[in-house]
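Okay, structure.tsv now, which holds TSV, C-alpha atoms:
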chain	number	residue	atom	x	y	z
A	15	MET	CA	-1.62	-0.56	-11.78
A	16	ARG	CA	1.22	1.85	-10.90
A	17	GLN	CA	2.05	-0.19	-7.81
A	18	ALA	CA	2.05	-3.48	-9.74
A	19	LEU	CA	4.43	-2.06	-12.35
A	20	ARG	CA	6.95	-0.78	-9.81
A	21	HIS	CA	8.80	-4.08	-9.55
A	22	VAL	CA	8.80	-5.03	-13.23
A	23	ALA	CA	12.33	-5.60	-14.58
A	24	ILE	CA	12.20	-2.79	-17.13
A	25	GLN	CA	13.38	0.78	-17.44
A	26	GLY	CA	10.03	1.86	-18.78
A	27	LYS	CA	8.38	5.07	-19.87
A	28	PHE	CA	4.70	5.70	-20.53
A	29	VAL	CA	4.30	6.91	-24.12
A	30	ILE	CA	0.53	6.73	-23.97
A	31	GLY	CA	-1.03	7.02	-20.52
A	32	ASP	CA	-4.17	8.09	-18.75
A	33	GLY	CA	-3.41	11.71	-19.64
A	34	PRO	CA	-0.72	14.36	-20.17
A	35	ARG	CA	1.68	15.20	-17.33
A	36	GLY	CA	-0.13	17.35	-14.77
A	37	SER	CA	-3.61	16.19	-15.74
A	38	VAL	CA	-3.51	12.89	-13.84
A	39	PRO	CA	-1.52	11.99	-10.70
A	40	VAL	CA	-0.09	8.72	-12.02
A	41	LEU	CA	0.21	6.85	-15.32
A	42	TYR	CA	0.88	10.10	-17.18
A	43	VAL	CA	2.76	10.36	-20.48
A	44	GLY	CA	6.52	10.59	-19.85
A	45	GLU	CA	6.33	9.02	-16.37
A	46	THR	CA	9.02	6.42	-15.75
A	47	VAL	CA	8.14	3.00	-14.42
A	48	GLY	CA	9.82	-0.25	-13.44
A	49	ALA	CA	12.70	-1.44	-11.29
A	50	GLY	CA	15.31	-0.96	-14.02
A	51	GLY	CA	16.55	-3.24	-16.76
A	52	VAL	CA	15.57	-3.46	-20.40
A	53	ALA	CA	14.55	-0.09	-21.90
A	54	ALA	CA	10.86	-0.31	-22.68
A	55	GLU	CA	7.90	1.77	-23.70
A	56	VAL	CA	4.57	1.28	-21.99
A	57	VAL	CA	1.07	2.10	-23.18
A	58	VAL	CA	-1.78	2.02	-20.68
A	59	ASP	CA	-5.47	2.67	-20.64
A	60	SER	CA	-6.35	1.78	-17.08
A	61	LEU	CA	-10.03	2.08	-17.87
A	62	ASP	CA	-10.97	1.82	-21.54
A	63	CYS	CA	-14.65	2.62	-22.20
A	64	ILE	CA	-15.03	4.55	-18.93
A	65	THR	CA	-18.68	5.39	-19.67
A	66	ARG	CA	-19.52	1.70	-20.02
A	67	ALA	CA	-17.87	0.96	-16.69
A	68	ALA	CA	-19.81	3.76	-14.98
A	69	ARG	CA	-23.08	2.29	-16.29
A	70	SER	CA	-21.94	-1.32	-15.72
A	71	ASP	CA	-22.44	-1.81	-19.45
A	72	PRO	CA	-20.39	-4.59	-21.11
A	73	GLY	CA	-16.98	-4.09	-22.67
A	74	ALA	CA	-15.00	-2.00	-20.17
A	75	LEU	CA	-11.34	-3.08	-19.99
A	76	SER	CA	-8.01	-2.26	-18.38
A	77	VAL	CA	-5.31	-2.42	-21.04
A	78	ILE	CA	-1.50	-2.36	-21.10
A	79	ALA	CA	1.10	-3.00	-23.77
A	80	VAL	CA	4.88	-3.12	-23.44
A	81	ALA	CA	7.40	-2.84	-26.30
A	82	GLY	CA	11.09	-2.05	-26.69
A	83	ALA	CA	12.40	1.51	-26.99
A	84	GLY	CA	10.81	3.21	-30.00
A	85	GLY	CA	8.14	0.51	-30.17
A	86	PHE	CA	5.09	2.75	-30.09
A	87	GLN	CA	4.02	5.75	-32.12
A	88	PRO	CA	3.05	8.32	-29.49
A	89	VAL	CA	-0.28	9.85	-30.45
A	90	PRO	CA	-2.37	12.26	-28.38
A	91	SER	CA	-5.64	11.12	-26.83
A	92	VAL	CA	-7.83	12.20	-29.70
A	93	TYR	CA	-10.45	10.40	-31.72
A	94	MET	CA	-9.20	8.11	-34.53
A	95	ASP	CA	-11.07	6.68	-37.51
A	96	LYS	CA	-10.26	2.96	-37.69
A	97	ILE	CA	-11.17	0.22	-40.13
A	98	ALA	CA	-10.30	-2.59	-37.71
A	99	VAL	CA	-11.46	-2.25	-34.14
A	100	GLY	CA	-9.19	-3.14	-31.26
A	101	PRO	CA	-5.94	-2.13	-29.60
A	102	ALA	CA	-3.11	-2.02	-32.15
A	103	ALA	CA	-0.72	-3.93	-29.90
A	104	ALA	CA	-3.20	-6.79	-29.60
A	105	LEU	CA	-3.64	-6.92	-33.35
A	106	ARG	CA	0.15	-7.06	-33.85
A	107	GLY	CA	0.35	-9.94	-31.40
A	108	ARG	CA	-2.27	-11.88	-33.29
A	109	GLY	CA	-1.10	-11.05	-36.80
A	110	GLY	CA	-4.05	-8.73	-37.37
A	111	ARG	CA	-4.10	-5.40	-39.22
A	112	LEU	CA	-5.33	-1.96	-38.35
A	113	LEU	CA	-5.57	1.21	-40.40
A	114	ALA	CA	-6.19	4.35	-38.40
A	115	ARG	CA	-6.24	8.08	-38.96
A	116	LEU	CA	-6.32	10.92	-36.43
A	117	ALA	CA	-9.77	12.48	-36.67
A	118	PRO	CA	-9.98	15.44	-34.26
A	119	ARG	CA	-13.53	16.32	-33.24
A	120	ASN	CA	-12.86	19.81	-31.93
A	121	GLU	CA	-10.28	22.59	-31.58
A	122	ASP	CA	-8.86	21.10	-28.39
A	123	GLU	CA	-8.07	17.81	-30.16
A	124	ARG	CA	-6.58	19.68	-33.14
A	125	ALA	CA	-4.35	21.60	-30.73
A	126	GLN	CA	-3.21	18.35	-29.06
A	127	ILE	CA	-2.18	16.94	-32.44
A	128	ALA	CA	-0.27	20.11	-33.32
A	129	ALA	CA	1.49	20.04	-29.93
A	130	ALA	CA	2.55	16.42	-30.45
A	131	SER	CA	4.61	17.39	-33.56
A	132	ILE	CA	3.79	14.17	-35.40
A	133	PRO	CA	5.26	14.21	-38.93
A	134	ASP	CA	2.46	14.06	-41.51
A	135	ALA	CA	-0.19	13.68	-38.79
A	136	GLY	CA	-2.98	13.46	-41.35
A	137	ARG	CA	-1.67	10.23	-42.87
A	138	THR	CA	-3.13	6.78	-42.41
A	139	PHE	CA	-1.27	4.82	-39.74
A	140	THR	CA	-0.77	1.09	-40.18
A	141	THR	CA	-0.44	-1.48	-37.40
A	142	GLU	CA	3.35	-1.42	-37.86
A	143	ASP	CA	3.40	2.38	-37.53
A	144	LEU	CA	1.59	2.20	-34.20
A	145	ALA	CA	3.33	-0.82	-32.60
A	146	ARG	CA	6.76	-1.99	-33.86
A	147	GLY	CA	8.99	-4.86	-32.83
A	148	GLU	CA	8.11	-7.24	-30.02
A	149	VAL	CA	5.01	-6.34	-28.09
A	150	ILE	CA	3.38	-7.82	-25.01
A	151	PHE	CA	-0.28	-6.88	-24.70
A	152	ALA	CA	-2.58	-7.64	-21.77
A	153	ALA	CA	-6.16	-6.72	-20.96
A	154	ALA	CA	-8.39	-7.53	-18.00
A	155	GLY	CA	-12.15	-7.16	-17.99
A	156	VAL	CA	-13.79	-4.56	-15.74
A	157	THR	CA	-17.28	-5.43	-16.95
A	158	ASP	CA	-18.15	-8.54	-18.97
A	159	GLY	CA	-17.26	-8.26	-22.65
A	160	ALA	CA	-16.61	-10.19	-25.85
A	161	LEU	CA	-12.86	-10.46	-25.18
A	162	VAL	CA	-12.87	-11.25	-21.45
A	163	GLU	CA	-15.26	-11.54	-18.52
A	164	GLY	CA	-15.35	-8.73	-16.00
A	165	ALA	CA	-13.85	-8.55	-12.51
A	166	HIS	CA	-15.91	-9.94	-9.66
A	167	VAL	CA	-14.84	-8.13	-6.52
A	168	GLY	CA	-15.82	-9.05	-2.98
A	169	THR	CA	-14.69	-7.67	0.34
A	170	GLN	CA	-11.77	-10.08	0.86
A	171	ASP	CA	-11.11	-11.53	-2.55
A	172	ALA	CA	-11.64	-10.87	-6.25
A	173	VAL	CA	-11.70	-12.91	-9.45
A	174	THR	CA	-10.28	-11.40	-12.64
A	175	HIS	CA	-10.20	-12.56	-16.25
A	176	ALA	CA	-7.28	-11.45	-18.40
A	177	VAL	CA	-5.78	-12.16	-21.80
A	178	VAL	CA	-2.08	-11.76	-22.59
A	179	ILE	CA	-0.77	-11.80	-26.14
A	180	ARG	CA	2.90	-11.92	-27.17
A	181	SER	CA	3.97	-10.98	-30.67
A	182	ARG	CA	7.21	-12.99	-30.40
A	183	THR	CA	5.41	-16.29	-30.04
A	184	GLY	CA	1.92	-15.38	-31.21
A	185	SER	CA	0.64	-16.99	-28.02
A	186	VAL	CA	-2.69	-15.93	-26.55
A	187	ARG	CA	-3.20	-16.83	-22.90
A	188	TRP	CA	-6.46	-16.54	-21.01
A	189	ILE	CA	-5.88	-16.24	-17.30
A	190	LYS	CA	-8.52	-16.49	-14.59
A	191	THR	CA	-7.14	-15.49	-11.20
A	192	ARG	CA	-8.50	-15.41	-7.66
A	193	HIS	CA	-6.81	-12.62	-5.66
A	194	GLN	CA	-6.63	-12.13	-1.91
A	195	LEU	CA	-7.28	-8.45	-1.19
A	196	ASP	CA	-5.45	-6.38	1.40
A	197	GLU	CA	-7.13	-3.95	3.83
A	198	LYS	CA	-7.25	-1.28	1.09
A	199	GLY	CA	-8.96	-3.65	-1.32
A	200	ASN	CA	-5.91	-4.08	-3.57
A	201	PRO	CA	-4.53	-7.50	-4.59
A	202	ARG	CA	-1.91	-8.73	-2.13
A	203	THR	CA	1.44	-8.64	-3.93
A	204	GLY	CA	3.75	-10.43	-1.52
A	205	ASN	CA	6.23	-7.56	-1.91
B	27	MET	CA	24.80	-25.35	-22.24
B	28	HIS	CA	25.91	-23.46	-25.35
B	29	HIS	CA	26.14	-19.69	-24.73
B	30	ALA	CA	23.53	-18.85	-27.38
B	31	GLU	CA	21.11	-21.43	-25.98
B	32	HIS	CA	21.70	-20.10	-22.48
B	33	ARG	CA	21.03	-16.56	-23.69
B	34	HIS	CA	17.86	-17.67	-25.46
B	35	ASP	CA	16.71	-19.44	-22.32
B	36	ALA	CA	17.33	-16.30	-20.22
B	37	ASP	CA	15.46	-14.16	-22.75
B	38	ALA	CA	12.52	-16.54	-22.69
B	39	ARG	CA	12.41	-16.47	-18.89
B	40	LEU	CA	12.53	-12.65	-18.83
B	41	ASP	CA	9.81	-12.52	-21.45
B	42	ALA	CA	7.62	-14.86	-19.41
B	43	PHE	CA	8.16	-12.85	-16.22
B	44	LEU	CA	7.30	-9.62	-18.03
B	45	SER	CA	4.14	-11.22	-19.38
B	46	LEU	CA	3.03	-12.20	-15.89
B	47	ASP	CA	3.91	-8.77	-14.49
B	48	VAL	CA	1.88	-6.91	-17.09
B	49	VAL	CA	-1.06	-9.24	-16.42
B	50	ARG	CA	-0.81	-8.47	-12.69
B	51	ALA	CA	-0.87	-4.76	-13.54
B	52	VAL	CA	-4.09	-4.94	-15.58
B	53	GLU	CA	-5.70	-7.25	-13.03
B	54	ALA	CA	-5.04	-4.68	-10.29
B	55	ALA	CA	-6.36	-1.90	-12.53
B	56	ALA	CA	-9.52	-3.86	-13.35
B	57	ILE	CA	-10.22	-4.46	-9.66
B	58	ALA	CA	-9.66	-0.76	-8.86
B	59	ALA	CA	-11.93	0.25	-11.75
B	60	THR	CA	-14.90	-1.60	-10.27
B	61	ARG	CA	-15.00	0.84	-7.34
Show me, as structure tokens, the structure contained in the file I just sent.
Amino acid sequence: MRQALRHVAIQGKFVIGDGPRGSVPVLYVGETVGAGGVAAEVVVDSLDCITRAARSDPGALSVIAVAGAGGFQPVPSVYMDKIAVGPAAALRGRGGRLLARLAPRNEDERAQIAAASIPDAGRTFTTEDLARGEVIFAAAGVTDGALVEGAHVGTQDAVTHAVVIRSRTGSVRWIKTRHQLDEKGNPRTGN
Amino acid sequence: MHHAEHRHDADARLDAFLSLDVVRAVEAAAIAATR
């Protein structure tokens, strides 16, 4: 994912990534991304539902959302109580609503919330609190799920199923793609 | 073309390119996650 984002025409920064700086080699919070251009904030979860993916259970996804500067409420990677299920950026794109509240399950998660210095961290966050302005959301299936089919990966090619939602237009696109893979097994980019 | 229309057209093109780029990013991540 990091490689694919390198050429995007944004001056982007991960506000929610695969982990804090130092805990993961790439896609960490605060890492800059893009080739320069419009200031943007990027949220990624390169493997949502990691346990499902490990067991080949349904519903594992790769997820990304892009918004303008100040578009996302940065929250630490702690458990949240939600009354609508799904990524907030996707709900914004489709006119949906989400109410969520940080619900730490242990001392470590409580410490992460304290370190994040979120004003009134115990409040209920609305969809607009979590994703403001124009948002582009995309997800691709790792395993088959209700939203998208999973990725079917061979030795020389792969087929992926993705959905991309734009809040500006409200459009929802379903994209099935056959990729040629390079010698490392990554999609050939042409770059 | 009127300046505002031209600007709108350019914005729309940028938006479309960004949409495709973010899709490529999650597609690559999904393929990597299967390994």
In Å, with one decimal, what is the gap from atom CA of B:Leu46 to atom CA of A:Trp188? 11.6 Å
Output as a Markdown table one row per residue of chain A within 9 Å of chain B: the closest atom pair and its distance in Å to one decimal place, counting all atoms listed in the file, sorted by chain and residue number ascending.
| residue | atom | partner | partner_atom | distance |
| --- | --- | --- | --- | --- |
| A:Met15 | CA | B:Ala51 | CA | 4.6 |
| A:Arg16 | CA | B:Ala51 | CA | 7.4 |
| A:Gln17 | CA | B:Ala51 | CA | 7.9 |
| A:Ala18 | CA | B:Ala51 | CA | 5.0 |
| A:Leu19 | CA | B:Ala51 | CA | 6.1 |
| A:His21 | CA | B:Asp47 | CA | 8.4 |
| A:Val22 | CA | B:Asp47 | CA | 6.3 |
| A:Ala23 | CA | B:Leu44 | CA | 7.3 |
| A:Ile24 | CA | B:Leu44 | CA | 8.5 |
| A:Val58 | CA | B:Val52 | CA | 8.9 |
| A:Ser60 | CA | B:Ala55 | CA | 5.9 |
| A:Leu61 | CA | B:Ala59 | CA | 6.7 |
| A:Ile64 | CA | B:Ala59 | CA | 8.9 |
| A:Ala67 | CA | B:Thr60 | CA | 7.5 |
| A:Ala68 | CA | B:Thr60 | CA | 8.7 |
| A:Ser70 | CA | B:Thr60 | CA | 8.9 |
| A:Ala74 | CA | B:Ala56 | CA | 8.9 |
| A:Leu75 | CA | B:Ala56 | CA | 6.9 |
| A:Ser76 | CA | B:Ala56 | CA | 5.5 |
| A:Val77 | CA | B:Val52 | CA | 6.1 |
| A:Ile78 | CA | B:Val52 | CA | 6.6 |
| A:Ala79 | CA | B:Val48 | CA | 7.8 |
| A:Val80 | CA | B:Val48 | CA | 8.0 |
| A:Ile150 | CA | B:Ser45 | CA | 6.6 |
| A:Phe151 | CA | B:Val48 | CA | 7.9 |
| A:Ala152 | CA | B:Val49 | CA | 5.8 |
| A:Ala153 | CA | B:Val52 | CA | 6.0 |
| A:Ala154 | CA | B:Val52 | CA | 5.6 |
| A:Gly155 | CA | B:Ala56 | CA | 6.3 |
| A:Val156 | CA | B:Ala56 | CA | 4.9 |
| A:Thr157 | CA | B:Thr60 | CA | 8.1 |
| A:Gly164 | CA | B:Ala56 | CA | 8.0 |
| A:Ala165 | CA | B:Ile57 | CA | 6.2 |
| A:His166 | CA | B:Ile57 | CA | 7.9 |
| A:Val167 | CA | B:Ile57 | CA | 6.7 |
| A:Ala172 | CA | B:Ile57 | CA | 7.4 |
| A:Val173 | CA | B:Ile57 | CA | 8.6 |
| A:Thr174 | CA | B:Glu53 | CA | 6.2 |
| A:His175 | CA | B:Glu53 | CA | 7.7 |
| A:Ala176 | CA | B:Val49 | CA | 6.9 |
| A:Val177 | CA | B:Val49 | CA | 7.7 |
| A:Val178 | CA | B:Val49 | CA | 6.7 |
| A:Ile179 | CA | B:Ser45 | CA | 8.4 |
| A:Arg180 | CA | B:Ser45 | CA | 7.9 |
| A:Ile189 | CA | B:Val49 | CA | 8.5 |
| A:Thr191 | CA | B:Glu53 | CA | 8.6 |
| A:Gly199 | CA | B:Ala58 | CA | 8.1 |
| A:Asn200 | CA | B:Ala54 | CA | 6.8 |
| A:Pro201 | CA | B:Ala54 | CA | 6.4 |
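In this structure, atom CA of A:Gly73 sits 13.5 Å away from atom CA of A:Asp59.
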Figure out the distance between atom CA of A:Pro72 and atom CA of A:Asp158, please, to one decimal in Å. 5.0 Å
Within 10 Å of (-11.1, 14.3, -31.3) in the file's own coordinates, which protein, DNA or RNA residues have an atom, counting all atoms listed in the file? List them as a count of residues only. 18
